[in-house]
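Trainee: Would you mind keeping the following structure in view while I ask a few things?
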Amino acid sequence: MASVDLKSVTKRFGATEVIHGVDLSVADGSFCALLGPSGCGKSTLLRMIAGLEPVTSGTVLIDGADVTLVPPAKRRIAMVFQSYALYPHLTVRGNICFSMSLAGEPKARQNERADRVARMLQLGPLMDRRPAQLSGGQRQRVAIGRALVRDPQVFLFDEPLSNLDAQLRVAMRLELANLHNTLKTTMIYVTHDQVEAMTLAGKIVVLDRGRVAQVGSPLELYNTPANKFVAAFIGSPAMNFLPASIRSGNGASLEAAIAGDRSLTVARRNGTALAGPGNCEIGVRPEHIQLVDPGAPNAIISGTASVVERLGNTTYVYVDTPSGRIIVEAGGASPIATGANVGLSVDASQAHAFGADGAAL
Amino acid sequence: MSVADAADVAVATAVRAETGRGSLRPVDGTGFVLTLLTVLGALFWIFPIYWALVTSFKPEEDVVQPGIKLWPEHFTFENYSFVLLNTKIGLWYLNSLVTSGAVTILVMLMSAMAGYAISQLEFPGRRLLWWLILASFMVPIPALIVNHFVLMSQFGLINTWAGVILPQLIAPVTVMIYKQFFDSVPKDFREAAIIDGATELQLLWRLYLPMNKGITTALAIITFIAAWNNFLWPFLVATSEPMMNITVGITQVTDAFGVKYARWLATAALAALPVAALYLIFQRRVTQAIMLTAGIKG
């Protein structure tokens, strides 16, 4: 087990800087997810921790030791690749024993350790098969086994579940969570899937174009997003954003006018002084909006239900309003029909305000 | 059996009968002509080989008789026994085996390492080296034969195995093919092995070569066949009879016994035997290699 620290790490490919001075601290034994859309630099960051990508500037520390220039094999890390990268010419046993075989460990010791890992991951009957003879889930387990046998200080996962079907992904997610609970080894997990990140990780690092947008626990990110990017990225369906103008405010709350006349008082997140009246955006999650009568006193905006998606336990209603399309999460038995005129009432205590620069106000 | 079952059986029988008729494909005129042309081409190609083999089983006096006899009137192994017992064919075989084997092993080793270096390693001058290899591909080997001879002569390697082997180690095509195949190995394998602690040499030996075993086999076979069949260079560099390769040895049979067609063809058949066997065993791999060296990736 070991902590991982990044200090002002940057990465440049030619003239293009893709990682801009990232500072990050992953505690010993924790499960940390690097989350962000494609091209945000999460895999590059992971590869820099692994030593597969040279760091342009900054320092990478594992267990307090500077490993910036240390070769990958000597960092005591293990990595599970998106493609699993199982050597196709070797059996499952050969794949698991590969690192030990390279190091010249005695055959008996190799087999003993491989068998231990196989028992842990239920790979016993598969040990003599080749990767081509395995299913996606089995390959995934072999890839984890190959990492596990190295007894690493840090596990690195690069989108390991993205090649699996939805059902298997859920099953493997549970296996990974169990594995972390059993091993208590530091794990860093790259994903673009917020559900994976939120369900597995104790700490999520949201990356936006090579910068850390926010670091926090899943609920911190969900309930108190630091900026519009995180607010929009976390949660499905995504948060609704309503253009608004600030009427007044103080360190604790602000009053914003939505769609011209109705106003909403929103709790402030950062408590800094407001620059004064100006434009902002009010962010509200679909589950914090209620469908009401268009003329109801608590309706802050009204519109037409253009699409109704019924998922059984819940219903998503897409309402076209003067402020744009708003998604509302209604009950599974909601009688709403397509084309109906509806009013929308917002739970102001759960609403967020974002300034013109996207930062939470 | 119910009425419905009987009806099902009747329908199934009718469908089978219909399907059976459908399997007789209608005569395709173009296909027939093309097949005929292919068969004619194959016969045209195989006839000299057949003629040579048949002749090698004829007594010499039958060979020089006028007229064409497609099958020996008097079948004999005398030509073969003569060549096997009265010439240095054993030594020629050994020379061919050693030189062709050495050429194959060395070419594969050097090409795999060069291909790996150019494909996977970052070093100054890599691009220049690649261009040089490409450029060397443009130079026909016979154009260098005088230089090679002078060089081997100065090294004192005339009439030695090393003299036969060394100039045959220039194999830019093999390097190119290896580079192409190593390029196509997904980067994840390399990175996984690096994390596992593999050195560059281990990466080549334990990852890239085993993952490209098929192409290695194909290239090795075709390199061996080319080295075995090579005539011009071994003919120039091995002038003493005990150092000759089998291909060059054939000329000695002719020189020593005058024009003896049957013996000559028996020697040629013996010379071709290992290569023919190799081809028959590894037919698919050889075809693949020929296509690759012709620039068509199979």
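Here's how to read the names in the structure tokens: chain A, B, ... by the order shown, residue numbers from 1 in each chain, ligand numbers from 1 in the order shown.
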Using only C-alpha atoms, which protein or nucleic acid residues come within 6 Å of stretch 85-91 of chain A? Drop anything in the same chain fewer than 5 positions from it, and give the result as a list in words.
Mentor: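 Counting only C-alpha atoms, the residues come to Asp128, Arg129, Arg130 and Pro131 of chain A; Asp188 and Phe189 of chain B.
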Trainee: Using only C-alpha atoms, which residues of chain B come within 12 Å of chain A, and what is the closest atom pair for each, with the distance in Å to one decimal? Give it as CSV, sorted by chain and residue number.
Mentor:
```
residue,atom,partner,partner_atom,distance
B:Val185,CA,A:Ala85,CA,10.7
B:Pro186,CA,A:Ala85,CA,8.4
B:Lys187,CA,A:Ala85,CA,8.9
B:Asp188,CA,A:Ala85,CA,5.6
B:Phe189,CA,A:Ala85,CA,5.1
B:Arg190,CA,A:Ala85,CA,8.6
B:Glu191,CA,A:Leu52,CA,7.0
B:Ala192,CA,A:Ala85,CA,6.6
B:Ala193,CA,A:Ser99,CA,7.7
B:Ile194,CA,A:Ala73,CA,6.4
B:Ile195,CA,A:Ala73,CA,4.6
B:Asp196,CA,A:Ser99,CA,4.6
B:Gly197,CA,A:Ala73,CA,4.6
B:Ala198,CA,A:Leu102,CA,6.3
B:Thr199,CA,A:Leu102,CA,8.7
B:Glu200,CA,A:Leu102,CA,11.7
B:Leu201,CA,A:Leu102,CA,11.0
B:Gln202,CA,A:Leu102,CA,7.7
B:Leu203,CA,A:Leu102,CA,9.9
B:Trp205,CA,A:Leu102,CA,11.2
B:Arg206,CA,A:Leu102,CA,9.0
B:Leu207,CA,A:Tyr87,CA,7.5
B:Tyr208,CA,A:Tyr87,CA,10.0
B:Leu209,CA,A:His89,CA,10.2
B:Pro210,CA,A:His89,CA,6.6
B:Met211,CA,A:His89,CA,6.1
B:Asn212,CA,A:His89,CA,9.4
B:Lys213,CA,A:His89,CA,9.3
B:Gly214,CA,A:His89,CA,11.4
```
Trainee: Going by DSSP on the backbone, which residues of stretch 8-107 of chain A come out as strand (DSSP E)? List them as a PyMOL selection string.
Mentor: chain A and resi 8-13+16-26+31-35+57-62+65-66+77-80
Trainee: When you look at stretch 289-297 of chain A with a cut-off of 9 Å (counting only C-alpha atoms), what residues show up, excluding the ones that are within fewer than 4 positions of it in the same chain? I need them as JSON, numbers by chain.
Mentor: {"A": [284, 285, 301, 302, 303, 327, 328, 329, 330, 336, 341, 342, 343, 344, 345, 346, 347]}
Trainee: Export C-alpha atoms of the chosen residues as a PDB file, in the first residue's frame?
Mentor:
```
ATOM      1  CA  VAL A 284     -31.383  22.270 -10.848  1.00  0.00           C
ATOM      2  CA  ARG A 285     -31.309  18.502 -11.021  1.00  0.00           C
ATOM      3  CA  ILE A 301     -41.712  28.652 -15.315  1.00  0.00           C
ATOM      4  CA  SER A 302     -44.140  26.804 -17.557  1.00  0.00           C
ATOM      5  CA  GLY A 303     -43.901  24.930 -20.827  1.00  0.00           C
ATOM      6  CA  ILE A 327     -35.786  17.578 -17.845  1.00  0.00           C
ATOM      7  CA  VAL A 328     -38.013  16.684 -14.930  1.00  0.00           C
ATOM      8  CA  GLU A 329     -37.961  13.440 -13.014  1.00  0.00           C
ATOM      9  CA  ALA A 330     -41.527  12.534 -12.130  1.00  0.00           C
ATOM     10  CA  ILE A 336     -48.371  13.333 -17.619  1.00  0.00           C
ATOM     11  CA  ASN A 341     -48.974  22.294 -20.608  1.00  0.00           C
ATOM     12  CA  VAL A 342     -47.215  22.132 -17.276  1.00  0.00           C
ATOM     13  CA  GLY A 343     -45.744  24.437 -14.703  1.00  0.00           C
ATOM     14  CA  LEU A 344     -42.414  23.702 -13.041  1.00  0.00           C
ATOM     15  CA  SER A 345     -41.748  24.193  -9.363  1.00  0.00           C
ATOM     16  CA  VAL A 346     -38.143  24.133  -8.156  1.00  0.00           C
ATOM     17  CA  ASP A 347     -36.794  23.035  -4.770  1.00  0.00           C
TER      18      ASP A 347
END
```
Trainee: Can you work out the spacing between atom CA of B:Leu151 and atom CA of B:Thr247 in Å, to one decimal?
Mentor: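 Separation between atom CA of B:Leu151 and atom CA of B:Thr247: 22.9 Å.
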Trainee: Using only C-alpha atoms, which protein or nucleic acid residues come within 7 Å of A:Ile96? Drop anything in the same chain fewer than 5 positions from it, and give the result as a list in words.
Mentor: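 So the residues in contact are Ala114, Gly145, Arg146 and Val149 of chain A.
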Trainee: Could you take the residues named above and write them with N, CA and C atoms, as a JSON list (two decimals), in the first residue's frame?
Mentor:
```json
[["chain", "number", "residue", "atom", "x", "y", "z"],
["A", 114, "ALA", "N", 0.60, -18.03, -8.68],
["A", 114, "ALA", "CA", -0.47, -18.00, -9.70],
["A", 114, "ALA", "C", -1.71, -18.72, -9.18],
["A", 145, "GLY", "N", -5.84, -10.59, -12.34],
["A", 145, "GLY", "CA", -4.96, -11.59, -11.73],
["A", 145, "GLY", "C", -3.50, -11.30, -12.05],
["A", 146, "ARG", "N", -3.25, -10.92, -13.29],
["A", 146, "ARG", "CA", -1.88, -10.62, -13.71],
["A", 146, "ARG", "C", -1.34, -9.42, -12.92],
["A", 149, "VAL", "N", -0.83, -10.56, -8.99],
["A", 149, "VAL", "CA", 0.26, -11.45, -8.66],
["A", 149, "VAL", "C", 1.57, -10.69, -8.43]]
```
Trainee: Calculate how many Å separate atom CA of A:Pro286 from atom CA of A:Ile234, rounding to one decimal.
Mentor: 12.4 Å
Trainee: State, in Å with one decimal place, the distance from atom CA of B:Ala276 to atom CA of B:Thr251.
Mentor: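 Rounded to one decimal, the two atoms are 20.3 Å apart.
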Trainee: Run DSSP on the backbone and grab whatever in stretch 50-274 of chain A lands in alpha helix (DSSP H); send it over as a count of residues only.
Mentor: 77
Trainee: Applying 9 Å and only C-alpha atoms, which residues near stretch 235-242 of chain A remain after dropping the ones on its own chain fewer than 3 positions away? List them as number ranges by chain.
Mentor: A: 194-195, 222, 228, 231-232, 258-259, 280-286, 316, 323-329
Trainee: Can you work out which one of A:Ile49, A:Glu105, A:Gly210, A:Gly39 has the shortest atom-to-atom distance to A:Glu17, counting only C-alpha atoms?
Mentor: A:Gly210
